[in-house]
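Chemist: Next up, entry.cif (mmCIF, C-alpha atoms).
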```
data_final
loop_
_atom_site.label_atom_id
_atom_site.label_comp_id
_atom_site.auth_asym_id
_atom_site.auth_seq_id
_atom_site.Cartn_x
_atom_site.Cartn_y
_atom_site.Cartn_z
CA MET A 1 -20.33 43.34 17.83
CA LEU A 2 -19.54 39.69 17.01
CA SER A 3 -22.02 36.89 17.57
CA THR A 4 -20.60 33.60 18.74
CA LEU A 5 -22.12 30.51 17.20
CA LYS A 6 -21.73 27.66 19.67
CA LEU A 7 -21.15 24.44 17.75
CA LYS A 8 -21.92 21.15 19.44
CA PRO A 9 -19.22 18.58 18.63
CA MET A 10 -20.42 15.19 17.41
CA THR A 11 -18.72 11.86 17.22
CA ALA A 12 -17.39 10.87 13.81
CA THR A 13 -19.51 7.99 12.57
CA GLN A 14 -19.96 6.31 9.20
CA LYS A 15 -23.36 8.01 8.94
CA VAL A 16 -21.88 11.47 9.53
CA LEU A 17 -19.09 10.90 6.98
CA ALA A 18 -21.56 9.43 4.45
CA GLY A 19 -23.64 12.60 4.75
CA LEU A 20 -20.60 14.79 4.11
CA GLU A 21 -19.70 12.60 1.13
CA ARG A 22 -23.22 12.91 -0.33
CA ARG A 23 -22.84 16.69 -0.12
CA GLY A 24 -19.61 16.48 -2.11
CA LEU A 25 -17.46 17.74 0.78
CA ILE A 26 -15.27 14.72 1.52
CA GLN A 27 -14.33 11.41 -0.07
CA THR A 28 -14.07 8.38 2.18
CA PHE A 29 -11.57 5.59 1.58
CA LYS A 30 -13.30 2.64 -0.08
CA PRO A 31 -11.84 -0.16 -2.16
CA THR A 32 -12.71 0.20 -5.83
CA ALA A 33 -14.92 -2.45 -7.46
CA ARG A 34 -12.02 -3.74 -9.61
CA SER A 35 -9.66 -3.98 -6.62
CA LEU A 36 -12.12 -6.26 -4.86
CA ARG A 37 -12.26 -8.62 -7.86
CA VAL A 38 -8.55 -9.04 -8.66
CA ARG A 39 -7.69 -12.59 -9.66
CA GLU A 40 -4.82 -14.58 -8.21
CA GLY A 41 -1.52 -13.70 -9.84
CA ASN A 42 -2.65 -10.15 -10.65
CA CYS A 43 -2.56 -6.69 -9.18
CA VAL A 44 -5.01 -3.84 -9.74
CA VAL A 45 -3.91 -0.25 -9.17
CA GLU A 46 -6.53 2.44 -9.67
CA LYS A 47 -6.00 6.15 -9.21
CA ILE A 48 -8.54 7.67 -6.85
CA TYR A 49 -7.38 11.24 -7.56
CA SER A 50 -4.34 13.28 -8.48
CA THR A 51 -3.77 16.87 -7.44
CA SER A 52 -3.36 19.76 -9.85
CA PRO A 53 0.26 20.27 -11.01
CA ARG A 54 0.08 23.94 -10.10
CA PHE A 55 -0.02 22.97 -6.41
CA GLY A 56 2.61 20.23 -6.60
CA THR A 57 1.13 16.86 -7.36
CA HIS A 58 0.51 13.61 -5.63
CA LYS A 59 -2.10 10.94 -6.13
CA LEU A 60 -4.08 8.52 -4.03
CA ILE A 61 -4.32 5.00 -5.40
CA CYS A 62 -6.23 1.91 -4.35
CA VAL A 63 -4.24 -1.32 -4.73
CA GLY A 64 -5.86 -4.76 -4.94
CA LYS A 65 -2.98 -7.21 -4.59
CA ASN A 66 -3.42 -10.88 -5.46
CA GLU A 67 0.17 -11.60 -6.45
CA THR A 68 2.16 -14.33 -4.71
CA ASN A 69 5.51 -13.94 -6.50
CA VAL A 70 7.93 -11.51 -4.87
CA ALA A 71 9.30 -8.95 -7.33
CA LEU A 72 11.10 -6.21 -5.41
CA THR A 73 10.92 -2.68 -6.80
CA THR A 74 12.14 0.74 -5.73
CA HIS A 75 10.87 4.27 -6.36
CA PRO A 76 12.84 7.53 -6.60
CA ASP A 77 10.68 9.23 -3.95
CA ASN A 78 8.69 8.42 -0.82
CA GLU A 79 5.20 6.91 -0.79
CA ASP A 80 2.69 6.66 2.05
CA PHE A 81 0.87 3.40 2.84
CA PHE A 82 -2.54 3.17 4.50
CA ILE A 83 -3.43 -0.39 5.49
CA ILE A 84 -7.06 0.26 6.30
CA ASN A 85 -10.22 -1.72 5.70
CA PRO A 86 -13.04 0.82 5.95
CA VAL A 87 -15.67 -1.54 4.52
CA GLY A 88 -14.90 -4.52 6.77
CA CYS A 89 -14.11 -7.06 4.02
CA LYS A 90 -12.45 -10.36 4.93
CA PHE A 91 -9.13 -10.29 3.04
CA LYS A 92 -6.39 -12.84 2.55
CA PRO A 93 -3.23 -11.81 4.46
CA LEU A 94 -1.13 -8.97 3.06
CA TYR A 95 2.65 -9.27 3.38
CA LEU A 96 5.22 -6.52 2.85
CA ILE A 97 8.67 -7.74 1.80
CA ILE A 98 11.46 -5.22 2.40
CA GLY A 99 15.10 -5.40 1.35
CA LEU A 100 17.25 -4.33 4.30
CA GLY A 101 19.59 -2.27 2.18
CA GLY A 102 19.39 -0.07 -0.87
CA GLN A 103 18.86 -1.41 -4.37
CA GLY A 104 22.59 -1.21 -5.18
CA ALA A 105 23.60 -3.14 -2.06
CA ILE A 106 21.00 -5.87 -2.64
CA GLU A 107 21.93 -6.23 -6.33
CA LYS A 108 25.66 -6.35 -5.49
CA LYS A 109 25.09 -9.14 -2.97
CA ALA A 110 23.01 -10.99 -5.59
CA ARG A 111 25.83 -10.67 -8.18
CA LEU A 112 28.36 -11.95 -5.64
CA GLY A 113 26.13 -14.84 -4.52
CA GLN A 114 25.94 -13.42 -0.99
CA LEU A 115 22.21 -12.78 -0.48
CA ARG A 116 20.73 -14.40 2.62
CA GLU A 117 17.35 -14.48 4.32
CA HIS A 118 18.55 -11.90 6.87
CA ASP A 119 18.89 -9.36 4.03
CA PHE A 120 15.07 -9.17 3.88
CA LEU A 121 12.11 -8.78 6.17
CA ALA A 122 8.61 -10.18 5.54
CA ILE A 123 5.91 -8.44 7.57
CA CYS A 124 2.28 -9.53 7.83
CA LEU A 125 0.52 -6.17 7.74
CA LYS A 126 -2.29 -5.44 10.15
CA TYR A 127 -5.40 -3.54 9.10
CA ASN A 128 -6.91 -0.63 11.02
CA ASP A 129 -4.34 -0.55 13.83
CA PRO A 130 -3.32 3.11 14.18
CA LYS A 131 0.08 2.13 15.54
CA VAL A 132 1.09 0.18 12.42
CA CYS A 133 -1.39 0.76 9.57
CA ALA A 134 0.02 4.03 8.19
CA PHE A 135 3.67 4.59 7.32
CA THR A 136 5.98 6.08 4.70
CA MET A 137 8.11 3.86 2.50
CA LEU A 138 11.26 5.90 1.97
CA LYS A 139 12.68 6.39 -1.50
CA ASN A 140 14.94 3.71 -2.96
CA THR A 141 13.81 1.06 -0.44
CA PRO A 142 13.39 -2.32 -2.17
CA HIS A 143 9.91 -3.61 -1.40
CA CYS A 144 6.99 -5.68 -2.64
CA GLU A 145 3.52 -6.60 -1.39
CA VAL A 146 2.22 -10.16 -1.81
CA THR A 147 -0.47 -12.47 -0.50
CA LEU A 148 -0.88 -16.22 -0.21
CA PRO A 149 -2.13 -18.40 -3.07
CA GLY A 150 -5.58 -19.90 -2.90
CA PRO A 151 -9.15 -18.80 -2.40
CA GLY A 152 -10.25 -15.66 -0.62
CA ARG A 153 -10.57 -11.99 -1.39
CA ALA A 154 -7.35 -10.26 -2.39
CA PRO A 155 -6.09 -7.70 0.11
CA VAL A 156 -6.70 -4.03 -0.72
CA PHE A 157 -4.78 -1.02 0.58
CA PHE A 158 -4.23 2.65 -0.25
CA VAL A 159 -1.08 4.56 -1.23
CA THR A 160 -0.32 8.23 -1.82
CA GLU A 161 2.62 8.89 -4.09
CA PRO A 162 3.90 11.40 -6.63
CA SER A 163 1.63 11.55 -9.68
CA ARG A 164 4.40 10.62 -12.14
CA PHE A 165 6.05 7.85 -10.14
CA LYS A 166 8.59 5.53 -11.70
CA MET A 167 9.25 1.98 -10.58
CA ASP A 168 12.58 0.16 -10.92
CA LEU A 169 12.76 -3.63 -10.67
CA VAL A 170 15.47 -4.92 -8.31
CA ASN A 171 17.67 -7.50 -10.07
CA LEU A 172 18.13 -10.49 -7.76
CA GLY A 173 20.04 -12.47 -10.36
CA CYS A 174 19.72 -16.18 -9.64
CA TYR A 175 17.80 -15.60 -6.38
CA GLN A 176 14.07 -15.58 -5.85
CA LEU A 177 12.17 -14.77 -2.69
CA GLY A 178 9.20 -16.61 -1.23
CA LEU A 179 7.29 -16.83 2.02
CA ASP A 180 7.95 -19.67 4.45
CA LYS A 181 4.85 -21.89 4.40
CA ARG A 182 5.14 -22.36 8.19
CA LEU A 183 3.77 -18.91 9.00
#
```
Is it possible to give me this structure as structure tokens?
Modeler:
Amino acid sequence: MLSTLKLKPMTATQKVLAGLERRGLIQTFKPTARSLRVREGNCVVEKIYSTSPRFGTHKLICVGKNETNVALTTHPDNEDFFIINPVGCKFKPLYLIIGLGGQGAIEKKARLGQLREHDFLAICLKYNDPKVCAFTMLKNTPHCEVTLPGPGRAPVFFVTEPSRFKMDLVNLGCYQLGLDKRL
């Protein structure tokens, strides 16, 4: 005869998750110490973990982004973004710049002198909003994350991606991208 153990559900709270973390059962998302201290003009990327190759690998990284120059890159596979702020820090704004075409199309327009503002989108990302804070950047999409110059704590976010990810810089030729100061 089976005995049924009736479990009383509880609300997920920081205290409950902290207890599970102390027991070594989960790992909560927290910015790393270095990511919270990144200086303007720099970017810190720290691996939180990487899975064992025998299971197919991916890694979770914490990114502290204090760069203001847009340098579009692409990757040969998808990556997942998590724009969350689990520790409640006050960050400078985080912007995602996306090329609205593949790397080849953007580079061809650059070579031909045909790039225009409408070939790109600049999005001010919003923390902790379940409708917009988690998404997948599809492979070969030109993109870059930047913030504004000046004082304030650099924005921090999390990304899962393949453990041996390559990055390819998009050649914009004589073009450079920047944010309109009239945000």
Chemist: Which residues are near Leu17 in chain A? Cut-off 9 Å, all atoms listed in the file, ignore same chain within fewer than 3 positions. Put them as a ChimeraX atom specification.
Modeler: /A:12-14,20-22,26-28
Chemist: With distances taken over all atoms listed in the file, which of A:Asn66, A:Thr141, A:Asn78, A:Thr73 is nearest to Arg37 in chain A?
Modeler: A:Asn66
Chemist: Hey, what's within 8 Å of Ala154 in chain A if we count all atoms listed in the file and toss same-chain stuff fewer than 5 positions away? As a PyMOL selection string, please?
Modeler: chain A and resi 35-40+64-66+91-92+147
Chemist: Using the chain letters and numbering of this document, enumerate as a ChimeraX atom specification the residues selected by the PyMOL selection byres ((chain A and resi 102-117) around 9).
Modeler: /A:73-74,99-101,118-121,140-142,170-175,177
Chemist: Calculated over only C-alpha atoms, which of the candidates A:Met1, A:Pro86, A:Thr11, A:Ser50 has the smallest distance to Asp129 in chain A?
Modeler: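 Ranked by minimum distance to Asp129 in chain A, first place goes to A:Pro86.
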Chemist: Quick one: axis-aligned box around all listed atoms of range 65-68 of chain A, 6 Å on every side, centre and edge lengths in Å to one decimal, written as AutoDock Vina command-line options.
Modeler:
```
--center_x -0.6 --center_y -10.8 --center_z -5.5 --size_x 17.6 --size_y 19.1 --size_z 13.9
```
Chemist: For each of A:Lys47, A:Lys139, A:Lys30, A:Arg153, take the minimum atom-to-atom distance to Glu79 in chain A, counting all atoms listed in the file, then give the residue where this is smallest.
Modeler: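 Closest to Glu79 in chain A of all the choices is A:Lys139.
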Chemist: Save range 113-137 of chain A of the structure in the block above to a file, with N, CA and C atoms included, as a PDB file, in the first residue's frame.
Modeler:
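Output file result31.pdb follows:
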```pdb
ATOM      1  N   GLY A 113      27.538  52.094 -50.022  1.00  0.00           N
ATOM      2  CA  GLY A 113      27.168  53.411 -49.510  1.00  0.00           C
ATOM      3  C   GLY A 113      25.670  53.595 -49.341  1.00  0.00           C
ATOM      4  N   GLN A 114      24.954  52.490 -49.076  1.00  0.00           N
ATOM      5  CA  GLN A 114      23.492  52.543 -49.025  1.00  0.00           C
ATOM      6  C   GLN A 114      22.903  52.296 -47.635  1.00  0.00           C
ATOM      7  N   LEU A 115      23.728  52.261 -46.600  1.00  0.00           N
ATOM      8  CA  LEU A 115      23.183  52.048 -45.253  1.00  0.00           C
ATOM      9  C   LEU A 115      22.421  53.287 -44.798  1.00  0.00           C
ATOM     10  N   ARG A 116      21.309  53.055 -44.116  1.00  0.00           N
ATOM     11  CA  ARG A 116      20.488  54.145 -43.591  1.00  0.00           C
ATOM     12  C   ARG A 116      20.054  53.785 -42.165  1.00  0.00           C
ATOM     13  N   GLU A 117      19.553  54.764 -41.455  1.00  0.00           N
ATOM     14  CA  GLU A 117      19.088  54.530 -40.087  1.00  0.00           C
ATOM     15  C   GLU A 117      18.037  53.423 -40.032  1.00  0.00           C
ATOM     16  N   HIS A 118      17.162  53.350 -41.053  1.00  0.00           N
ATOM     17  CA  HIS A 118      16.097  52.349 -41.027  1.00  0.00           C
ATOM     18  C   HIS A 118      16.614  50.915 -41.213  1.00  0.00           C
ATOM     19  N   ASP A 119      17.911  50.735 -41.424  1.00  0.00           N
ATOM     20  CA  ASP A 119      18.487  49.397 -41.510  1.00  0.00           C
ATOM     21  C   ASP A 119      18.803  48.833 -40.124  1.00  0.00           C
ATOM     22  N   PHE A 120      18.555  49.637 -39.077  1.00  0.00           N
ATOM     23  CA  PHE A 120      18.898  49.246 -37.712  1.00  0.00           C
ATOM     24  C   PHE A 120      17.765  49.619 -36.763  1.00  0.00           C
ATOM     25  N   LEU A 121      17.761  48.947 -35.633  1.00  0.00           N
ATOM     26  CA  LEU A 121      16.813  49.256 -34.575  1.00  0.00           C
ATOM     27  C   LEU A 121      17.598  49.382 -33.276  1.00  0.00           C
ATOM     28  N   ALA A 122      17.315  50.414 -32.500  1.00  0.00           N
ATOM     29  CA  ALA A 122      17.916  50.589 -31.176  1.00  0.00           C
ATOM     30  C   ALA A 122      16.790  50.463 -30.151  1.00  0.00           C
ATOM     31  N   ILE A 123      16.916  49.499 -29.261  1.00  0.00           N
ATOM     32  CA  ILE A 123      15.864  49.218 -28.289  1.00  0.00           C
ATOM     33  C   ILE A 123      16.415  49.459 -26.885  1.00  0.00           C
ATOM     34  N   CYS A 124      15.701  50.253 -26.088  1.00  0.00           N
ATOM     35  CA  CYS A 124      16.059  50.396 -24.675  1.00  0.00           C
ATOM     36  C   CYS A 124      15.433  49.206 -23.956  1.00  0.00           C
ATOM     37  N   LEU A 125      16.271  48.318 -23.457  1.00  0.00           N
ATOM     38  CA  LEU A 125      15.774  47.089 -22.841  1.00  0.00           C
ATOM     39  C   LEU A 125      15.204  47.368 -21.456  1.00  0.00           C
ATOM     40  N   LYS A 126      14.216  46.587 -21.097  1.00  0.00           N
ATOM     41  CA  LYS A 126      13.506  46.768 -19.836  1.00  0.00           C
ATOM     42  C   LYS A 126      13.758  45.559 -18.935  1.00  0.00           C
ATOM     43  N   TYR A 127      14.213  45.848 -17.732  1.00  0.00           N
ATOM     44  CA  TYR A 127      14.500  44.783 -16.770  1.00  0.00           C
ATOM     45  C   TYR A 127      13.228  44.229 -16.133  1.00  0.00           C
ATOM     46  N   ASN A 128      13.264  42.918 -15.875  1.00  0.00           N
ATOM     47  CA  ASN A 128      12.282  42.217 -15.041  1.00  0.00           C
ATOM     48  C   ASN A 128      10.840  42.277 -15.545  1.00  0.00           C
ATOM     49  N   ASP A 129      10.645  42.550 -16.819  1.00  0.00           N
ATOM     50  CA  ASP A 129       9.302  42.527 -17.394  1.00  0.00           C
ATOM     51  C   ASP A 129       9.172  41.220 -18.169  1.00  0.00           C
ATOM     52  N   PRO A 130       8.379  40.274 -17.662  1.00  0.00           N
ATOM     53  CA  PRO A 130       8.333  38.946 -18.288  1.00  0.00           C
ATOM     54  C   PRO A 130       7.923  38.957 -19.756  1.00  0.00           C
ATOM     55  N   LYS A 131       7.289  40.023 -20.203  1.00  0.00           N
ATOM     56  CA  LYS A 131       6.875  40.079 -21.605  1.00  0.00           C
ATOM     57  C   LYS A 131       8.030  40.416 -22.537  1.00  0.00           C
ATOM     58  N   VAL A 132       9.088  41.045 -22.013  1.00  0.00           N
ATOM     59  CA  VAL A 132      10.166  41.513 -22.888  1.00  0.00           C
ATOM     60  C   VAL A 132      11.580  41.250 -22.373  1.00  0.00           C
ATOM     61  N   CYS A 133      11.737  40.651 -21.196  1.00  0.00           N
ATOM     62  CA  CYS A 133      13.080  40.541 -20.613  1.00  0.00           C
ATOM     63  C   CYS A 133      13.805  39.242 -20.952  1.00  0.00           C
ATOM     64  N   ALA A 134      13.179  38.330 -21.650  1.00  0.00           N
ATOM     65  CA  ALA A 134      13.833  37.080 -22.041  1.00  0.00           C
ATOM     66  C   ALA A 134      13.494  36.802 -23.501  1.00  0.00           C
ATOM     67  N   PHE A 135      14.546  36.585 -24.302  1.00  0.00           N
ATOM     68  CA  PHE A 135      14.327  36.337 -25.726  1.00  0.00           C
ATOM     69  C   PHE A 135      15.565  35.658 -26.302  1.00  0.00           C
ATOM     70  N   THR A 136      15.401  35.091 -27.480  1.00  0.00           N
ATOM     71  CA  THR A 136      16.500  34.438 -28.182  1.00  0.00           C
ATOM     72  C   THR A 136      16.946  35.311 -29.340  1.00  0.00           C
ATOM     73  N   MET A 137      18.253  35.588 -29.385  1.00  0.00           N
ATOM     74  CA  MET A 137      18.844  36.265 -30.536  1.00  0.00           C
ATOM     75  C   MET A 137      19.189  35.163 -31.528  1.00  0.00           C
TER      76      MET A 137
END
```
